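Asker: Just input_15.cif, nothing more (mmCIF, C-alpha atoms and all ligand atoms):
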data_query
loop_
_atom_site.label_atom_id
_atom_site.label_comp_id
_atom_site.auth_asym_id
_atom_site.auth_seq_id
_atom_site.Cartn_x
_atom_site.Cartn_y
_atom_site.Cartn_z
CA MET A 1 151.63 79.52 130.37
CA ASP A 2 148.24 78.43 129.08
CA LEU A 3 146.01 79.69 131.88
CA GLU A 4 142.81 78.56 130.17
CA GLN A 5 144.16 75.02 129.83
CA LEU A 6 145.26 75.04 133.47
CA LYS A 7 141.84 76.23 134.57
CA ALA A 8 140.13 73.59 132.46
CA ASP A 9 142.33 70.82 133.89
CA ARG A 10 141.81 71.97 137.47
CA GLY A 11 138.14 72.73 137.19
CA LYS A 12 135.18 70.46 137.62
CA LYS A 13 135.66 67.48 135.33
CA VAL A 14 132.66 65.89 133.69
CA PRO A 15 132.79 62.42 135.27
CA ALA A 16 134.15 59.92 132.74
CA PRO A 17 131.55 57.32 131.71
CA LEU A 18 131.91 53.86 133.24
CA PRO A 19 131.08 50.65 131.35
CA ILE A 20 129.13 49.26 134.31
CA PRO A 21 126.83 50.99 136.82
CA GLU A 22 128.61 52.78 139.66
CA ASP A 23 126.95 50.69 142.37
CA VAL A 24 128.00 47.44 140.70
CA LEU A 25 131.55 48.74 140.27
CA CYS A 26 131.77 49.76 143.93
CA GLU A 27 130.34 46.49 145.23
CA ARG A 28 132.88 44.58 143.12
CA TYR A 29 135.70 46.75 144.48
CA GLU A 30 134.54 45.98 148.02
CA ARG A 31 134.97 42.27 147.29
CA THR A 32 138.65 42.86 146.43
CA PHE A 33 141.15 44.43 148.84
CA THR A 34 143.12 47.65 148.78
CA ALA A 35 146.50 45.91 148.48
CA ALA A 36 145.37 44.25 145.23
CA VAL A 37 144.18 47.58 143.84
CA ASN A 38 147.44 49.15 144.95
CA ASP A 39 149.50 46.52 143.09
CA VAL A 40 147.53 47.18 139.90
CA LEU A 41 148.09 50.94 140.17
CA ARG A 42 151.80 50.31 140.82
CA GLU A 43 152.01 48.42 137.51
CA ARG A 44 150.72 51.56 135.81
CA GLY A 45 153.39 53.67 137.50
CA LEU A 46 150.92 55.20 139.95
CA LEU A 47 152.83 54.89 143.21
CA GLY A 48 151.16 57.62 145.21
CA GLN A 49 147.43 56.92 145.36
CA VAL A 50 147.19 56.03 149.05
CA LEU A 51 145.94 58.53 151.61
CA PRO A 52 148.28 59.24 154.55
CA ALA A 53 148.71 56.22 156.79
CA GLY A 54 147.07 57.93 159.76
CA ILE A 55 143.65 57.76 158.05
CA MET A 56 142.27 54.43 159.21
CA PRO A 57 138.84 52.85 159.73
CA LEU A 58 137.10 53.35 163.08
CA ARG A 59 136.81 49.55 163.20
CA ASP A 60 139.06 47.02 161.50
CA HIS A 61 136.18 45.30 159.71
CA MET A 62 135.01 48.48 157.97
CA ARG A 63 135.38 48.57 154.20
CA VAL A 64 133.83 50.92 151.72
CA CYS A 65 134.08 51.83 148.09
CA GLY A 66 132.20 54.76 146.63
CA ILE A 67 132.26 57.73 144.34
CA ALA A 68 134.19 60.65 145.82
CA PHE A 69 132.09 63.57 147.01
CA THR A 70 134.85 65.99 147.96
CA VAL A 71 134.77 68.63 150.67
CA LYS A 72 137.48 71.17 151.37
CA GLY A 73 137.86 73.20 154.57
CA SER A 74 140.31 74.72 157.00
CA LYS A 75 140.59 76.17 160.49
CA ASN A 76 138.38 79.26 160.68
CA LEU A 77 136.82 81.02 163.66
CA THR A 78 133.90 82.63 161.80
CA LEU A 79 130.38 81.29 162.24
CA GLU A 80 128.30 83.32 159.81
CA SER A 81 125.98 81.01 157.80
CA GLU A 82 128.10 78.01 158.70
CA MET A 83 125.16 75.72 159.47
CA GLU A 84 123.25 76.77 156.37
CA GLN A 85 126.34 76.10 154.28
CA ARG A 86 126.78 72.70 155.90
CA ALA A 87 123.14 71.87 155.26
CA ARG A 88 123.55 72.77 151.57
CA MET A 89 126.57 70.52 151.28
CA LEU A 90 124.74 67.60 152.93
CA GLU A 91 121.81 68.06 150.56
CA GLU A 92 124.06 67.68 147.52
CA ILE A 93 125.47 64.32 148.54
CA GLY A 94 124.39 61.72 145.98
CA THR A 95 123.60 58.02 146.17
CA GLY A 96 126.67 55.84 146.07
CA SER A 97 129.03 58.57 147.22
CA VAL A 98 131.71 58.56 149.87
CA VAL A 99 132.36 61.94 151.45
CA VAL A 100 136.07 62.80 151.32
CA TRP A 101 137.24 65.63 153.59
CA ASP A 102 140.39 67.56 152.78
CA THR A 103 140.83 69.54 156.01
CA SER A 104 144.07 71.34 155.10
CA GLY A 105 145.73 69.11 157.69
CA ASP A 106 143.44 69.92 160.62
CA ASP A 107 144.36 68.34 163.94
CA GLU A 108 141.73 69.81 166.20
CA SER A 109 138.11 69.50 165.06
CA ALA A 110 135.62 66.83 164.11
CA GLN A 111 134.41 67.17 160.54
CA TRP A 112 132.01 64.27 160.99
CA GLY A 113 129.56 63.09 163.64
CA GLU A 114 126.36 61.29 164.49
CA ILE A 115 123.84 63.58 162.84
CA MET A 116 125.88 64.11 159.69
CA THR A 117 126.05 60.32 159.45
CA MET A 118 122.27 60.07 159.77
CA ALA A 119 121.65 62.81 157.19
CA SER A 120 124.14 61.50 154.64
CA LYS A 121 122.95 57.89 155.01
CA ARG A 122 119.46 59.04 154.10
CA ARG A 123 120.91 60.39 150.86
CA GLY A 124 122.49 57.04 150.00
CA CYS A 125 126.01 57.93 151.09
CA ARG A 126 128.21 54.85 151.57
CA GLY A 127 130.82 56.22 154.00
CA ALA A 128 133.08 59.07 155.05
CA ILE A 129 136.83 59.52 154.75
CA VAL A 130 138.14 62.36 156.86
CA ASP A 131 141.69 63.72 156.97
CA GLY A 132 140.63 65.02 160.35
CA GLY A 133 138.35 64.02 163.19
CA VAL A 134 135.11 62.32 164.10
CA ARG A 135 132.94 62.78 167.18
CA ASP A 136 129.92 60.99 168.64
CA THR A 137 131.91 57.90 167.74
CA ASP A 138 129.70 55.45 169.62
CA LYS A 139 126.59 56.80 167.86
CA VAL A 140 128.32 56.65 164.48
CA LEU A 141 129.31 53.04 165.13
CA GLU A 142 125.72 52.13 166.00
CA GLN A 143 124.72 53.24 162.49
CA ASP A 144 126.93 50.67 160.77
CA PHE A 145 128.44 53.36 158.55
CA PRO A 146 132.10 53.07 157.57
CA VAL A 147 134.18 56.04 158.67
CA PHE A 148 137.90 56.50 158.14
CA CYS A 149 139.63 59.29 160.06
CA LYS A 150 142.84 60.49 161.70
CA TYR A 151 141.54 61.02 165.22
CA ARG A 152 138.51 61.26 167.50
CA THR A 153 137.65 64.42 169.38
CA SER A 154 134.67 66.01 171.06
CA ASN A 155 135.52 69.34 169.33
CA GLY A 156 132.71 70.21 166.94
CA MET A 157 133.93 72.12 163.90
CA LEU A 158 131.50 75.00 164.44
CA GLY A 159 133.53 78.09 165.34
CA ARG A 160 136.84 76.31 164.84
CA PHE A 161 136.86 75.08 161.26
CA ARG A 162 134.65 75.55 158.24
CA MET A 163 134.16 74.47 154.70
CA ILE A 164 135.65 76.41 151.82
CA GLY A 165 133.79 74.44 149.18
CA TRP A 166 132.71 71.04 147.99
CA GLN A 167 132.75 68.97 144.82
CA GLN A 168 136.05 70.55 143.81
CA PRO A 169 139.46 68.90 143.33
CA VAL A 170 141.14 68.30 146.69
CA GLN A 171 144.51 67.09 147.87
CA ILE A 172 145.15 64.89 150.89
CA GLY A 173 148.81 64.17 151.52
CA GLY A 174 150.20 63.79 148.03
CA VAL A 175 146.98 62.43 146.55
CA PHE A 176 144.74 64.46 144.27
CA ILE A 177 141.08 63.52 144.40
CA TYR A 178 138.51 64.70 141.89
CA PRO A 179 134.75 64.48 142.41
CA GLY A 180 133.73 61.23 140.75
CA ASP A 181 136.96 59.35 141.45
CA VAL A 182 136.65 55.94 143.06
CA VAL A 183 137.76 55.76 146.69
CA PHE A 184 138.24 52.44 148.42
CA GLY A 185 139.08 51.86 152.07
CA ASP A 186 139.65 48.76 154.14
CA ILE A 187 141.80 47.69 157.09
CA ASP A 188 144.95 48.83 155.24
CA GLY A 189 143.71 52.39 154.71
CA VAL A 190 142.32 54.29 151.74
CA ILE A 191 143.31 54.23 148.08
CA VAL A 192 142.09 56.57 145.34
CA VAL A 193 141.53 55.29 141.80
CA PRO A 194 141.22 57.94 139.09
CA ARG A 195 137.78 57.51 137.56
CA GLU A 196 139.02 57.02 134.02
CA LEU A 197 141.01 53.96 135.19
CA ALA A 198 138.42 52.61 137.61
CA TYR A 199 136.99 49.77 135.54
CA GLU A 200 140.27 48.57 134.09
CA VAL A 201 141.86 48.60 137.57
CA LEU A 202 138.90 46.67 139.00
CA LEU A 203 139.27 43.88 136.43
CA LYS A 204 142.98 43.59 137.16
CA ALA A 205 142.44 43.68 140.94
CA GLU A 206 139.92 40.85 140.62
CA HIS A 207 142.55 38.94 138.66
CA VAL A 208 145.14 39.60 141.39
CA LYS A 209 142.74 38.23 143.98
CA GLU A 210 142.19 35.03 141.97
CA ASN A 211 145.89 34.66 141.27
CA GLU A 212 146.74 34.99 144.96
CA LYS A 213 144.39 32.09 145.71
CA ALA A 214 146.65 29.89 143.58
CA ILE A 215 149.79 31.26 145.28
CA LYS A 216 148.34 30.63 148.74
CA GLN A 217 147.49 27.08 147.69
CA MET A 218 151.15 26.52 146.73
CA VAL A 219 152.21 27.66 150.23
CA LEU A 220 149.57 25.41 151.81
CA ASP A 221 150.80 22.53 149.67
CA GLY A 222 154.24 22.92 151.26
CA LEU A 223 156.20 24.56 148.45
CA THR A 224 159.17 26.58 149.67
CA PRO A 225 159.16 30.32 148.95
CA THR A 226 161.82 29.75 146.26
CA GLU A 227 159.64 27.11 144.57
CA VAL A 228 156.66 29.44 144.76
CA VAL A 229 158.64 32.21 143.03
CA ARG A 230 159.94 29.76 140.38
CA LYS A 231 156.32 28.89 139.59
CA GLY A 232 155.49 32.56 139.06
CA GLY A 233 154.22 33.26 142.54
CA TYR A 234 155.00 36.30 144.66
CA PHE A 235 154.50 37.61 148.16
O1 LIG B 301 129.27 69.43 164.18
C1 LIG B 301 129.82 68.34 164.22
O2 LIG B 301 130.96 68.20 164.66
C2 LIG B 301 129.08 67.13 163.71
C3 LIG B 301 128.19 66.51 164.72
O3 LIG B 301 128.29 66.65 165.92
C4 LIG B 301 127.14 65.60 164.20
O4 LIG B 301 127.06 65.38 162.99
O5 LIG B 301 126.38 65.06 165.01
MG MG B 302 126.75 65.54 167.13
#
As a first step, turn the structure in this file into structure tokens.

Answerer:
Amino acid sequence: MDLEQLKADRGKKVPAPLPIPEDVLCERYERTFTAAVNDVLRERGLLGQVLPAGIMPLRDHMRVCGIAFTVKGSKNLTLESEMEQRARMLEEIGTGSVVVWDTSGDDESAQWGEIMTMASKRRGCRGAIVDGGVRDTDKVLEQDFPVFCKYRTSNGMLGRFRMIGWQQPVQIGGVFIYPGDVVFGDIDGVIVVPRELAYEVLLKAEHVKENEKAIKQMVLDGLTPTEVVRKGGYF
């Protein structure tokens, strides 16, 4: 076993360069849809890039693409320095990021709420994706900030759950997420695009979107499904 190689692979990756600015990339992703991105990843043999189906937007219209700022935590009853630690994490969130919470499968606490939304928005955060819970939901919704989560609860995480670290590789369901990866959520859930593929996948997803316009036109024109398929269309 090559432990050094394993440590290097698992450690903090230097984010791969992108040929276009991150904000432009993310805005272009948001104009596509997750199913198109999913189909592109499927063509590359990447069948498992979708977060568990229970992680859905608080509101159907919410969509967000951003650069993953990962947070890892688990159930934990200790309180020592928890708030200071949380403050440090919030102060490291960068512009254009989406906070991604790996909660080790928590089913009890809220890892996100009103004031964390306010604080992260001020740092240019684009949204939060939580494999756990959200509270103060009405106040989060008033802030027009996209949040994807498994459940809502009034349980604050303080004294129930705490962070282990942030900006480290995380795993939600079967999906590995590295800081810097591109995460994209819409009404169909959340998909993770490895950073090194992000631009290539975007171009192909934009192509899928255009192509589907032509397919939809065939259906509108009255072609039968068989005729649509014969002309190279799909469903
Ligand atoms: O501690 C929490 O659960 C988060 C919270 O209420 C907030 O951000 O307003
Ligand atoms: Mg609160």

Asker: With all atoms listed in the file as the counted atoms, please give the residues lying no more than 9 Å from Gly133 of chain A, apart from itself and same-chain residues fewer than 3 positions off, as a list in words.

Answerer: Asp106, Asp107, Glu108, Ser109, Ala110, Gln111, Trp112, Gly113, Val130, Cys149, Lys150, Tyr151, Arg152, Thr153, Ser154 and Asn155 of chain A

Asker: Which of these, A:Glu91, A:Asp136, A:Asp102, A:Asp39, has the shortest distance to ligand LIG 301 (chain B) once you count all atoms listed in the file?

Answerer: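 Using all atoms listed in the file, the shortest distance to ligand LIG 301 (chain B) belongs to A:Asp136.
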
Asker: If you count all atoms listed in the file, which residues end up within 8 Å of ligand MG 302 (chain B), as a PDB file with C-alpha atoms, in the frame of the given file?

Answerer:
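Ended up saving to part_31.pdb:
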ATOM      1  CA  GLY A 113     129.560  63.090 163.640  1.00  0.00           C
ATOM      2  CA  GLU A 114     126.360  61.290 164.490  1.00  0.00           C
ATOM      3  CA  ILE A 115     123.840  63.580 162.840  1.00  0.00           C
ATOM      4  CA  MET A 116     125.880  64.110 159.690  1.00  0.00           C
ATOM      5  CA  ARG A 135     132.940  62.780 167.180  1.00  0.00           C
ATOM      6  CA  ASP A 136     129.920  60.990 168.640  1.00  0.00           C
ATOM      7  CA  GLY A 156     132.710  70.210 166.940  1.00  0.00           C
TER       8      GLY A 156
END

Asker: Could you check the closest approach to Glu227 of chain A for each of A:Ala205, A:Val50, A:Ile215, A:Thr137 and tell me which residue wins, using all atoms listed in the file?

Answerer: A:Ile215

Asker: Let me make sure I understand: among A:Ala128, A:Val182, A:Ile177, A:Leu220, which one has the smallest atom-to-atom distance to Glu196 of chain A if we use all atoms listed in the file?

Answerer: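 Of A:Ala128, A:Val182, A:Ile177, A:Leu220, the one nearest Glu196 of chain A is A:Val182, counting all atoms listed in the file.
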